[in-house]
file my_file.txt (compact mmCIF, C-alpha atoms)
# COMPACT_ATOMS: atom_id res chain seq x y z
CA MET A 1 111.70 92.21 102.33
CA SER A 2 114.92 93.60 100.84
CA SER A 3 116.15 93.37 97.28
CA GLU A 4 119.04 91.20 98.48
CA ASN A 5 116.74 88.25 99.20
CA SER A 6 117.65 85.17 97.23
CA SER A 7 115.23 83.31 94.97
CA ALA A 8 115.15 80.55 97.58
CA ASP A 9 114.00 83.06 100.18
CA ASP A 10 111.33 84.31 97.75
CA THR A 11 110.03 80.75 97.34
CA ARG A 12 109.70 80.34 101.10
CA GLN A 13 108.12 83.75 101.59
CA VAL A 14 104.60 83.81 100.17
CA TRP A 15 102.66 86.98 100.91
CA ASP A 16 98.93 86.77 101.45
CA VAL A 17 98.34 89.86 99.30
CA VAL A 18 100.72 91.82 97.06
CA VAL A 19 99.47 95.22 95.94
CA VAL A 20 101.10 96.85 92.90
CA GLY A 21 100.99 100.65 93.00
CA ALA A 22 100.92 102.94 96.05
CA GLY A 23 98.45 105.60 94.89
CA PRO A 24 95.06 106.04 96.59
CA ALA A 25 93.70 102.76 95.18
CA GLY A 26 96.75 100.69 96.11
CA ALA A 27 97.20 102.22 99.56
CA SER A 28 93.50 101.65 100.29
CA ALA A 29 93.74 98.03 99.16
CA ALA A 30 96.87 97.45 101.25
CA TYR A 31 95.22 99.04 104.28
CA ALA A 32 92.06 96.95 103.94
CA ALA A 33 94.00 93.69 103.61
CA ALA A 34 96.42 94.56 106.44
CA VAL A 35 93.61 95.55 108.82
CA ALA A 36 92.20 92.05 108.25
CA GLY A 37 95.45 90.68 109.69
CA ARG A 38 97.01 89.44 106.47
CA ARG A 39 100.64 89.72 105.39
CA VAL A 40 100.63 92.46 102.79
CA LEU A 41 103.38 93.80 100.52
CA LEU A 42 102.84 97.14 98.77
CA LEU A 43 105.06 97.66 95.72
CA GLU A 44 105.70 101.11 94.22
CA LYS A 45 108.05 101.85 91.33
CA ALA A 46 108.72 105.47 92.33
CA ASP A 47 110.18 106.99 95.46
CA LEU A 48 107.57 108.56 97.73
CA PRO A 49 106.26 111.20 97.89
CA ARG A 50 105.88 111.78 94.11
CA TYR A 51 103.91 114.26 92.01
CA LYS A 52 100.74 113.19 90.21
CA THR A 53 98.74 115.18 87.66
CA CYS A 54 95.48 115.66 89.54
CA GLY A 55 93.19 118.50 90.53
CA GLY A 56 93.16 117.17 94.08
CA GLY A 57 89.47 117.58 94.89
CA ILE A 58 88.31 115.45 97.84
CA ILE A 59 84.54 115.04 97.68
CA GLY A 60 82.27 113.44 100.27
CA PRO A 61 82.59 109.83 99.05
CA SER A 62 86.38 110.14 99.30
CA ARG A 63 86.24 111.47 102.86
CA ASP A 64 83.84 108.69 103.85
CA THR A 65 86.23 105.98 102.63
CA LEU A 66 89.38 107.15 104.41
CA PRO A 67 90.87 105.08 107.24
CA PRO A 68 89.76 105.92 110.79
CA GLY A 69 91.83 108.72 112.25
CA PHE A 70 92.94 110.01 108.83
CA GLU A 71 93.42 113.77 108.95
CA LEU A 72 93.10 115.30 105.51
CA PRO A 73 96.03 117.58 104.63
CA LEU A 74 93.66 120.19 103.20
CA ARG A 75 95.15 123.17 101.38
CA ASP A 76 91.75 124.82 101.09
CA ARG A 77 88.06 124.30 101.85
CA VAL A 78 85.72 125.11 98.99
CA HIS A 79 82.51 127.02 99.74
CA ALA A 80 81.96 128.66 96.34
CA VAL A 81 82.02 127.63 92.69
CA THR A 82 82.30 130.05 89.80
CA PHE A 83 80.87 128.55 86.62
CA SER A 84 81.56 129.87 83.12
CA HIS A 85 80.85 128.67 79.59
CA ASN A 86 84.04 129.06 77.57
CA GLY A 87 84.85 132.20 79.51
CA ARG A 88 81.36 133.71 79.26
CA PHE A 89 78.12 133.79 81.26
CA THR A 90 80.04 133.75 84.54
CA ARG A 91 78.18 133.16 87.76
CA THR A 92 79.24 132.16 91.28
CA ARG A 93 77.19 129.91 93.56
CA ARG A 94 77.97 129.66 97.26
CA SER A 95 77.34 127.17 100.04
CA ARG A 96 77.37 127.77 103.79
CA GLN A 97 78.70 124.24 104.29
CA MET A 98 81.99 123.10 102.74
CA LEU A 99 81.45 121.55 99.30
CA PHE A 100 84.75 119.70 99.09
CA GLY A 101 88.37 119.96 100.14
CA LEU A 102 91.55 120.44 98.10
CA ILE A 103 94.77 118.52 98.67
CA ASN A 104 98.18 118.11 97.08
CA ARG A 105 98.54 114.54 95.92
CA PRO A 106 102.11 113.91 97.17
CA GLU A 107 101.05 114.68 100.76
CA PHE A 108 97.73 112.86 100.51
CA ASP A 109 99.17 109.71 98.92
CA GLN A 110 102.05 109.58 101.39
CA GLN A 111 99.65 109.79 104.32
CA LEU A 112 97.50 106.97 102.89
CA VAL A 113 100.58 104.77 102.55
CA GLU A 114 101.60 105.53 106.13
CA HIS A 115 98.17 104.40 107.35
CA ALA A 116 98.58 101.15 105.41
CA GLN A 117 102.00 100.66 107.01
CA LYS A 118 100.62 101.34 110.50
CA ALA A 119 97.99 98.66 109.80
CA GLY A 120 100.83 96.21 109.07
CA ALA A 121 101.49 96.45 105.34
CA GLU A 122 105.11 96.45 104.21
CA LEU A 123 106.13 99.08 101.64
CA ARG A 124 108.80 98.57 99.02
CA THR A 125 109.63 101.47 96.70
CA GLY A 126 111.78 101.41 93.58
CA ALA A 127 110.11 98.13 92.60
CA THR A 128 108.94 98.03 88.98
CA VAL A 129 106.65 95.12 88.15
CA THR A 130 107.14 93.79 84.63
CA ARG A 131 104.51 91.03 84.66
CA VAL A 132 102.52 88.59 86.73
CA GLU A 133 102.36 84.84 86.13
CA GLN A 134 99.71 82.42 87.32
CA HIS A 135 101.12 79.37 85.51
CA GLY A 136 104.57 78.12 84.66
CA SER A 137 107.87 77.34 86.34
CA ALA A 138 107.85 80.50 88.50
CA VAL A 139 104.60 79.45 90.17
CA PRO A 140 105.05 76.66 92.76
CA ASP A 141 101.33 75.73 93.01
CA ARG A 142 97.87 76.72 91.85
CA ARG A 143 97.24 78.87 94.91
CA THR A 144 100.14 81.18 94.11
CA VAL A 145 100.76 84.14 91.80
CA ALA A 146 104.28 85.17 90.77
CA VAL A 147 104.95 88.90 90.56
CA VAL A 148 108.08 89.43 88.44
CA LEU A 149 110.10 92.58 89.06
CA GLN A 150 112.47 94.42 86.76
CA GLY A 151 115.78 92.61 87.06
CA GLY A 152 114.14 89.20 87.29
CA GLU A 153 113.33 88.95 91.00
CA THR A 154 110.07 87.12 91.75
CA VAL A 155 107.67 87.85 94.61
CA LEU A 156 105.01 85.26 95.44
CA ALA A 157 101.48 85.91 96.67
CA ARG A 158 98.16 84.18 97.29
CA ALA A 159 96.38 87.17 95.73
CA VAL A 160 97.47 90.23 93.77
CA VAL A 161 95.81 93.64 93.49
CA GLY A 162 96.74 95.73 90.47
CA ALA A 163 96.57 99.45 91.30
CA ASP A 164 99.37 100.58 89.01
CA GLY A 165 97.62 103.43 87.23
CA SER A 166 96.04 104.07 83.86
CA ALA A 167 98.89 102.43 81.92
CA SER A 168 98.66 99.33 84.12
CA ARG A 169 100.69 96.21 83.41
CA ILE A 170 98.39 94.30 85.73
CA GLY A 171 95.40 95.67 83.83
CA ALA A 172 96.93 94.31 80.62
CA HIS A 173 97.27 90.89 82.29
CA VAL A 174 93.63 90.96 83.36
CA GLY A 175 92.51 92.17 79.92
CA VAL A 176 90.99 95.52 80.90
CA LYS A 177 89.11 97.09 77.97
CA LEU A 178 88.62 100.84 77.59
CA ASP A 179 86.04 102.85 75.69
CA GLN A 180 86.92 106.43 76.70
CA VAL A 181 90.35 108.01 76.85
CA ASP A 182 90.82 111.68 77.71
CA LEU A 183 93.79 114.01 77.89
CA GLY A 184 94.24 116.22 80.94
CA LEU A 185 96.76 119.08 80.98
CA GLU A 186 97.59 120.88 84.18
CA SER A 187 99.84 123.59 85.60
CA GLU A 188 100.73 124.37 89.21
CA ILE A 189 101.01 128.17 89.26
CA PRO A 190 102.51 129.98 92.28
CA VAL A 191 100.77 133.35 92.72
CA PRO A 192 101.23 136.44 94.92
CA GLU A 193 99.34 136.64 98.19
CA THR A 194 96.85 139.18 96.80
CA VAL A 195 95.85 136.78 94.00
CA ALA A 196 95.78 133.75 96.29
CA GLU A 197 93.50 135.58 98.73
CA ASP A 198 90.99 136.32 95.97
CA TRP A 199 90.70 132.61 95.12
CA LYS A 200 90.57 131.37 98.71
CA GLY A 201 87.62 129.04 99.23
CA ARG A 202 86.45 129.34 95.62
CA VAL A 203 87.03 127.19 92.54
CA LEU A 204 86.30 127.91 88.89
CA ILE A 205 84.76 125.40 86.49
CA ASP A 206 84.68 126.44 82.83
CA TRP A 207 82.75 124.39 80.28
CA GLY A 208 85.15 124.29 77.35
CA PRO A 209 85.04 124.87 73.59
CA MET A 210 85.47 121.22 72.54
CA PRO A 211 82.80 118.55 73.05
CA GLY A 212 83.06 117.14 76.58
CA SER A 213 85.84 119.50 77.64
CA TYR A 214 86.11 121.68 80.70
CA GLY A 215 88.71 123.59 82.71
CA TRP A 216 89.26 124.23 86.40
CA VAL A 217 91.08 126.41 88.89
CA PHE A 218 91.66 124.88 92.32
CA PRO A 219 93.33 127.12 94.94
CA LYS A 220 95.87 125.56 97.29
CA GLY A 221 97.32 128.30 99.43
CA ASP A 222 99.94 130.21 97.44
CA THR A 223 99.48 127.98 94.36
CA LEU A 224 96.64 127.61 91.87
CA THR A 225 96.13 124.26 90.16
CA VAL A 226 94.87 125.15 86.67
CA GLY A 227 93.92 122.45 84.19
CA VAL A 228 91.75 121.38 81.29
CA ILE A 229 90.55 118.03 79.98
CA SER A 230 89.08 116.82 76.69
CA ALA A 231 88.88 113.73 74.52
CA ARG A 232 92.16 112.18 73.43
CA GLY A 233 93.10 113.01 69.86
CA GLU A 234 92.55 116.74 70.37
CA GLY A 235 96.00 117.39 71.80
CA ALA A 236 96.75 120.66 69.99
CA ALA A 237 93.27 122.06 70.66
CA THR A 238 93.49 121.01 74.32
CA LYS A 239 96.82 122.79 74.68
CA ARG A 240 95.36 125.93 73.08
CA TYR A 241 92.40 125.75 75.44
CA LEU A 242 94.73 125.66 78.46
CA GLU A 243 96.79 128.57 77.11
CA ASP A 244 93.69 130.64 76.38
CA PHE A 245 92.18 129.71 79.74
CA VAL A 246 95.29 130.78 81.67
CA GLY A 247 95.52 134.01 79.68
CA ARG A 248 91.84 134.80 80.18
CA LEU A 249 92.29 134.41 83.93
CA GLY A 250 95.14 136.91 83.97
CA LEU A 251 97.63 134.24 85.06
CA ALA A 252 99.84 134.08 81.96
CA GLY A 253 102.50 136.24 83.62
CA PHE A 254 103.15 133.73 86.40
CA GLU A 255 105.64 130.92 85.82
CA PRO A 256 104.25 127.43 86.56
CA SER A 257 106.27 125.34 89.00
CA VAL A 258 104.98 122.17 87.29
CA SER A 259 103.34 121.59 83.91
CA SER A 260 102.16 118.08 83.18
CA GLY A 261 99.79 115.91 81.19
CA HIS A 262 97.95 112.69 81.88
CA LEU A 263 95.64 110.28 80.07
CA THR A 264 92.54 109.16 81.93
CA ARG A 265 91.02 105.88 80.82
CA CYS A 266 87.45 104.72 81.40
CA ARG A 267 86.56 101.00 81.30
CA ALA A 268 84.12 99.45 78.87
CA ASP A 269 80.98 97.99 80.45
CA ASP A 270 82.11 94.41 79.78
CA SER A 271 85.72 94.93 80.85
CA PRO A 272 86.98 92.27 83.30
CA LEU A 273 87.97 93.18 86.85
CA SER A 274 89.88 90.00 87.63
CA ARG A 275 91.78 87.07 86.21
CA GLY A 276 92.45 84.08 88.41
CA ARG A 277 93.85 85.39 91.69
CA VAL A 278 94.53 88.87 90.33
CA LEU A 279 92.18 91.83 90.84
CA VAL A 280 92.39 95.37 89.44
CA CYS A 281 91.07 98.60 90.93
CA GLY A 282 91.24 102.37 90.48
CA ASP A 283 92.77 103.69 87.26
CA ALA A 284 94.23 100.26 86.51
CA ALA A 285 90.65 98.99 86.14
CA GLY A 286 89.47 102.07 84.24
CA LEU A 287 87.28 103.11 87.16
CA LEU A 288 86.47 106.81 87.20
CA GLU A 289 83.46 109.06 86.68
CA PRO A 290 83.14 109.47 82.88
CA TRP A 291 81.68 112.99 82.82
CA THR A 292 83.87 114.83 85.34
CA ARG A 293 86.70 112.24 85.15
CA GLU A 294 86.84 112.36 88.96
CA GLY A 295 89.00 109.44 90.02
CA ILE A 296 90.11 109.78 93.64
CA SER A 297 86.83 108.61 95.16
CA PHE A 298 86.67 105.73 92.68
CA ALA A 299 90.26 104.78 93.56
CA LEU A 300 89.64 104.85 97.31
CA ARG A 301 86.37 102.94 97.14
CA SER A 302 87.46 100.31 94.62
CA GLY A 303 90.80 99.91 96.42
CA ARG A 304 89.11 99.18 99.71
CA LEU A 305 86.85 96.59 98.06
CA ALA A 306 89.80 95.03 96.21
CA GLY A 307 91.75 94.68 99.46
CA GLU A 308 88.80 93.06 101.21
CA TRP A 309 88.13 90.59 98.42
CA ALA A 310 91.85 89.87 97.90
CA VAL A 311 91.85 88.55 101.48
CA ARG A 312 89.09 86.13 100.55
CA ILE A 313 90.90 85.08 97.40
CA ALA A 314 94.09 84.51 99.40
CA GLU A 315 92.12 82.13 101.62
CA ALA A 316 90.62 80.24 98.66
CA HIS A 317 91.97 76.69 98.41
CA ASP A 318 91.13 76.06 94.76
CA ALA A 319 90.44 77.85 91.50
CA VAL A 320 86.67 77.48 91.83
CA ASP A 321 86.56 79.26 95.18
CA ALA A 322 88.99 81.93 93.99
CA ARG A 323 86.79 82.52 90.95
CA LYS A 324 83.72 82.83 93.17
CA GLN A 325 85.38 85.50 95.31
CA ALA A 326 86.60 87.39 92.24
CA LEU A 327 83.07 87.40 90.82
CA ASN A 328 81.76 88.73 94.13
CA TYR A 329 84.30 91.56 93.91
CA ALA A 330 83.15 92.37 90.38
CA PHE A 331 79.52 92.38 91.52
CA ALA A 332 80.33 94.76 94.40
CA ILE A 333 82.09 97.15 92.01
CA LYS A 334 79.36 97.07 89.38
CA ALA A 335 76.52 97.46 91.89
CA GLY A 336 78.02 100.67 93.26
CA LEU A 337 80.65 102.37 91.14
CA GLY A 338 79.33 100.75 87.95
CA VAL A 339 75.93 102.37 88.40
CA GLU A 340 77.56 105.78 88.90
CA MET A 341 79.67 105.25 85.78
CA SER A 342 76.62 104.31 83.73
CA VAL A 343 74.85 107.53 84.68
CA GLY A 344 78.07 109.48 84.15
CA LYS A 345 78.37 108.16 80.59
CA ARG A 346 74.85 109.35 79.84
CA MET A 347 75.64 112.72 81.37
CA LEU A 348 78.80 113.04 79.28
CA ALA A 349 76.94 112.18 76.07
CA VAL A 350 74.44 114.95 76.75
CA PHE A 351 77.15 117.38 77.94
CA GLU A 352 79.14 116.84 74.74
CA ARG A 353 76.12 117.97 72.72
CA ARG A 354 74.61 120.56 75.06
CA PRO A 355 77.04 122.08 77.58
CA GLY A 356 74.82 125.16 77.77
CA ILE A 357 72.03 123.13 79.33
CA PHE A 358 74.28 122.08 82.20
CA HIS A 359 75.58 125.62 82.66
CA ALA A 360 72.07 127.10 82.69
CA ALA A 361 70.86 124.46 85.15
CA LEU A 362 73.74 124.80 87.61
CA THR A 363 73.68 128.60 87.59
CA GLY A 364 69.94 129.21 87.41
CA PHE A 365 68.00 126.13 88.56
CA ARG A 366 68.09 125.59 92.32
CA PRO A 367 67.46 121.80 92.30
CA ALA A 368 70.43 121.29 89.96
CA TRP A 369 72.70 123.30 92.26
CA LYS A 370 71.38 121.37 95.26
CA ALA A 371 72.18 118.10 93.46
CA PHE A 372 75.73 119.36 92.78
CA LYS A 373 76.13 120.21 96.48
CA ASP A 374 74.68 116.89 97.65
CA ILE A 375 77.04 114.91 95.40
CA THR A 376 80.19 116.83 96.32
CA GLN A 377 79.32 116.79 100.02
CA GLY A 378 78.65 113.06 99.90
CA SER A 379 74.98 112.92 100.94
CA THR A 380 74.14 111.24 97.63
CA SER A 381 75.81 109.96 94.45
CA LEU A 382 75.08 110.53 90.78
CA GLY A 383 73.58 107.05 90.55
CA GLU A 384 71.45 107.42 93.67
CA LEU A 385 70.26 110.83 92.53
CA VAL A 386 68.92 109.55 89.22
CA ARG A 387 67.53 106.37 90.78
CA ALA A 388 65.69 108.12 93.61
CA HIS A 389 64.38 111.26 91.92
CA PRO A 390 61.76 110.91 89.15
CA LEU A 391 62.43 114.50 88.03
CA ALA A 392 66.12 113.70 87.46
CA GLN A 393 65.15 110.52 85.59
CA ARG A 394 62.76 112.42 83.32
CA ALA A 395 65.22 115.25 82.71
CA LEU A 396 68.03 112.87 81.76
CA ALA A 397 65.71 110.79 79.55
CA ALA A 398 64.51 113.95 77.81
CA MET A 399 68.07 115.10 77.17
CA ASP A 400 69.00 111.61 75.94
CA ARG A 401 66.26 111.91 73.31
CA ARG A 402 66.96 115.52 72.38
CA PRO A 403 68.03 115.74 68.71
CA ALA A 404 71.37 117.35 68.01
CA GLY A 405 69.82 120.24 66.11
CA ALA A 406 67.15 121.08 68.67
CA ALA A 407 66.98 124.50 70.21
CA GLU A 408 68.94 125.00 73.40
CA PRO A 409 68.15 127.25 76.33
CA PRO A 410 70.54 130.16 76.86
CA SER A 411 73.72 129.28 78.73
CA ALA A 412 72.77 131.51 81.65
CA PRO A 413 70.04 133.95 82.58
CA ALA A 414 70.44 137.10 80.52
CA SER A 415 70.87 139.23 83.60
CA THR A 416 74.04 137.36 84.57
CA ALA A 417 75.69 137.08 81.18
CA ASP A 418 78.96 138.92 80.97
CA THR A 419 78.09 141.28 83.81
CA GLY A 420 81.17 140.68 85.93
CA ALA A 421 84.23 142.81 86.19
CA ARG A 422 87.56 141.06 86.37
CA ASP A 423 88.93 140.72 89.86
CA ALA A 424 92.57 140.47 90.97
CA GLY A 425 92.60 136.72 90.31
CA GLY A 426 91.43 137.16 86.74
CA ALA A 427 88.08 135.38 87.19
CA GLU A 428 84.89 137.24 86.34
CA ARG A 429 82.45 137.71 89.21
CA SER A 430 78.82 138.16 88.30
CA ALA A 431 76.46 140.41 90.17
CA GLY A 432 74.35 137.35 90.84
CA ASP A 433 76.44 135.53 93.47
CA GLU A 434 74.09 133.28 95.39
CA PHE A 435 73.92 131.22 98.50
CA GLY A 436 71.98 128.02 98.31

call {"tool": "encode", "arguments": {"input": "my_file.txt", "output": "structure tokens"}}
result
Amino acid sequence: MSSENSSADDTRQVWDVVVVGAGPAGASAAYAAAVAGRRVLLLEKADLPRYKTCGGGIIGPSRDTLPPGFELPLRDRVHAVTFSHNGRFTRTRRSRQMLFGLINRPEFDQQLVEHAQKAGAELRTGATVTRVEQHGSAVPDRRTVAVVLQGGETVLARAVVGADGSASRIGAHVGVKLDQVDLGLESEIPVPETVAEDWKGRVLIDWGPMPGSYGWVFPKGDTLTVGVISARGEGAATKRYLEDFVGRLGLAGFEPSVSSGHLTRCRADDSPLSRGRVLVCGDAAGLLEPWTREGISFALRSGRLAGEWAVRIAEAHDAVDARKQALNYAFAIKAGLGVEMSVGKRMLAVFERRPGIFHAALTGFRPAWKAFKDITQGSTSLGELVRAHPLAQRALAAMDRRPAGAAEPPSAPASTADTGARDAGGAERSAGDEFG
């Protein structure tokens, strides 16, 4: 549908599903609805491809949710993780099997959109949605939602999926409520071949100096994605952390090609996921893992569910049936992603108080490292891990109860603390590199 269509044409043309936002959540929703044979319009305000602030880690649950035949545009395959605690107690753990892959978001998002288009969805870029209306003169009947674009044009749909990011207009319409907002800062740093080679296949995760903060280095060929994240309201301290982190890694002399910031928003437990014939998913719904703030797998999984349930809502002949389908969507989200988020919130609360416990466990306790591998490789999830393993349940319960002033185990075994010499990439390597 072109922008030259008249309002009369818009009234005649009613899409089964309109998806707002062409990121991973929106493209997944559009694909799911189009594969079901419905007429789908995917609206995106930017021109594609476009840059997004994102580490670009593709873990097992993300790979498992991709459309059939999707070939990941991987820039690197991660087999090793170097952990440090605010630059100290460095230790590298290795895996014979790939832990996760690394992508650049512009390529990845573009490919997802192309799969939605091949399934039959129609893409329209440069389309900024200002609001949606479910009542009033713009809405011809109770089965229709009006999507109003900048400039006044109206697009009609039987169901709408809001996937328009963390500052979502559709989320505001639905009434999404948030209880955790974090600030992520990131730089894309081109590096010489000698530095890039040192990082190949290995990422760095640094537990940061502020409660709940951490930093990362993700290698992508001749570029390193370096970022940090912490609670919103600590902007100056977060910026200092990134500067110190980059300097500590020996990367301060390289000019970033992109420096950006982004707010991640996590939904409250009682936040709605729908209103009438409108659903929200991905960042627009505040769906992400609260501890790591990993969002791609949540976007892909919630987007697919939103697309599937939007089809059912589009077929609903009255408000009661539409409400029933929307509630079923909410139940599907809460039963899966909601459980993972609940565990993630508990993990974050403990991590904010005791980051050293997590560092000591991941670098020195084999079951913790195995759990990390299983989650990133997709053989289990955080929720399934806690639900199925009594030891994990007891450990998390014990940490929940641990008073703030209680003694804490050392951040890493003494033999591995500060034993590494700096390599060409600036990251410390300990003598205790391990396979497992």

call {"tool": "residues_around", "arguments": {"input": "my_file.txt", "residues": "range 197-201 of chain A", "least_positions_apart": "6", "cutoff": "10 Å", "atoms": "all atoms listed in the file", "output": "list in words"}}
result
Arg75, Asp76, Arg77, Val78, His79, Ala80, Val81, Arg94, Met98, Leu99, Phe100, Gly101, Leu102, Val191, Val217, Phe218, Pro219, Lys220, Gly221, Asp222, Thr223, Leu224, Asp423, Ala424, Gly425, Gly426 and Ala427 of chain A

call {"tool": "atom_distance", "arguments": {"input": "my_file.txt", "atom1": "CA of Gln377 in chain A", "atom2": "CA of Glu294 in chain A"}}
result
14.1 Å

call {"tool": "closest_residue", "arguments": {"input": "my_file.txt", "among": "A:Thr264, A:Ser213, A:Thr225, A:Gln180", "to": "Lys239 in chain A", "atoms": "all atoms listed in the file"}}
result
A:Ser213

call {"tool": "atom_distance", "arguments": {"input": "my_file.txt", "atom1": "CA of Tyr214 in chain A", "atom2": "CA of Ser230 in chain A"}}
result
7.0 Å

call {"tool": "atom_distance", "arguments": {"input": "my_file.txt", "atom1": "CA of Ala33 in chain A", "atom2": "CA of Val155 in chain A"}}
result
17.4 Å

call {"tool": "residues_around", "arguments": {"input": "my_file.txt", "residues": "Ile375 in chain A", "least_positions_apart": "5", "cutoff": "9 Å", "atoms": "only C-alpha atoms", "output": "list in words"}}
result
Ile59, Gly60, Pro61, Leu99, Lys370, Thr380, Ser381, Leu382 and Leu385 of chain A

call {"tool": "residues_around", "arguments": {"input": "my_file.txt", "residues": "Phe358 in chain A", "least_positions_apart": "2", "cutoff": "10 Å", "atoms": "only C-alpha atoms", "output": "PDB file with C-alpha atoms, in the coordinates of the input"}}
result
ATOM      1  CA  HIS A  85      80.850 128.670  79.590  1.00  0.00           C
ATOM      2  CA  TRP A 207      82.750 124.390  80.280  1.00  0.00           C
ATOM      3  CA  MET A 347      75.640 112.720  81.370  1.00  0.00           C
ATOM      4  CA  VAL A 350      74.440 114.950  76.750  1.00  0.00           C
ATOM      5  CA  PHE A 351      77.150 117.380  77.940  1.00  0.00           C
ATOM      6  CA  ARG A 354      74.610 120.560  75.060  1.00  0.00           C
ATOM      7  CA  PRO A 355      77.040 122.080  77.580  1.00  0.00           C
ATOM      8  CA  GLY A 356      74.820 125.160  77.770  1.00  0.00           C
ATOM      9  CA  ALA A 360      72.070 127.100  82.690  1.00  0.00           C
ATOM     10  CA  ALA A 361      70.860 124.460  85.150  1.00  0.00           C
ATOM     11  CA  LEU A 362      73.740 124.800  87.610  1.00  0.00           C
ATOM     12  CA  THR A 363      73.680 128.600  87.590  1.00  0.00           C
ATOM     13  CA  GLY A 364      69.940 129.210  87.410  1.00  0.00           C
ATOM     14  CA  PHE A 365      68.000 126.130  88.560  1.00  0.00           C
ATOM     15  CA  ALA A 368      70.430 121.290  89.960  1.00  0.00           C
ATOM     16  CA  PRO A 409      68.150 127.250  76.330  1.00  0.00           C
ATOM     17  CA  SER A 411      73.720 129.280  78.730  1.00  0.00           C
ATOM     18  CA  ALA A 412      72.770 131.510  81.650  1.00  0.00           C
TER      19      ALA A 412
END

call {"tool": "closest_residue", "arguments": {"input": "my_file.txt", "among": "A:Glu234, A:Asp16, A:Asp164, A:Glu193", "to": "Ala121 in chain A", "atoms": "all atoms listed in the file"}}
result
A:Asp16

call {"tool": "closest_residue", "arguments": {"input": "my_file.txt", "among": "A:Gly235, A:Gly338, A:Gly162, A:Gly171", "to": "Leu288 in chain A", "atoms": "only C-alpha atoms"}}
result
A:Gly338

call {"tool": "residues_around", "arguments": {"input": "my_file.txt", "residues": "Arg38 in chain A", "least_positions_apart": "2", "cutoff": "9 Å", "atoms": "all atoms listed in the file", "output": "number ranges by chain"}}
result
A: 15-17, 33-36, 40, 120-121, 311

call {"tool": "residues_around", "arguments": {"input": "my_file.txt", "residues": "Asn328 in chain A", "least_positions_apart": "4", "cutoff": "12 Å", "atoms": "only C-alpha atoms", "output": "CSV table (one decimal) with C-alpha atoms, keeping the file's coordinate frame"}}
result
chain,number,residue,atom,x,y,z
A,273,LEU,CA,88.0,93.2,86.8
A,274,SER,CA,89.9,90.0,87.6
A,279,LEU,CA,92.2,91.8,90.8
A,305,LEU,CA,86.8,96.6,98.1
A,306,ALA,CA,89.8,95.0,96.2
A,308,GLU,CA,88.8,93.1,101.2
A,309,TRP,CA,88.1,90.6,98.4
A,310,ALA,CA,91.8,89.9,97.9
A,312,ARG,CA,89.1,86.1,100.6
A,313,ILE,CA,90.9,85.1,97.4
A,321,ASP,CA,86.6,79.3,95.2
A,322,ALA,CA,89.0,81.9,94.0
A,323,ARG,CA,86.8,82.5,91.0
A,324,LYS,CA,83.7,82.8,93.2
A,332,ALA,CA,80.3,94.8,94.4
A,333,ILE,CA,82.1,97.2,92.0
A,334,LYS,CA,79.4,97.1,89.4
A,335,ALA,CA,76.5,97.5,91.9

call {"tool": "closest_residue", "arguments": {"input": "my_file.txt", "among": "A:Glu153, A:Asp374, A:Asp47, A:Asp206", "to": "Pro106 in chain A", "atoms": "all atoms listed in the file"}}
result
A:Asp47

call {"tool": "closest_residue", "arguments": {"input": "my_file.txt", "among": "A:Pro390, A:Val226, A:Val14, A:Val113", "to": "Ala252 in chain A", "atoms": "all atoms listed in the file"}}
result
A:Val226

call {"tool": "closest_residue", "arguments": {"input": "my_file.txt", "among": "A:Val20, A:Ala32, A:Leu242, A:Ala231", "to": "His115 in chain A", "atoms": "all atoms listed in the file"}}
result
A:Ala32
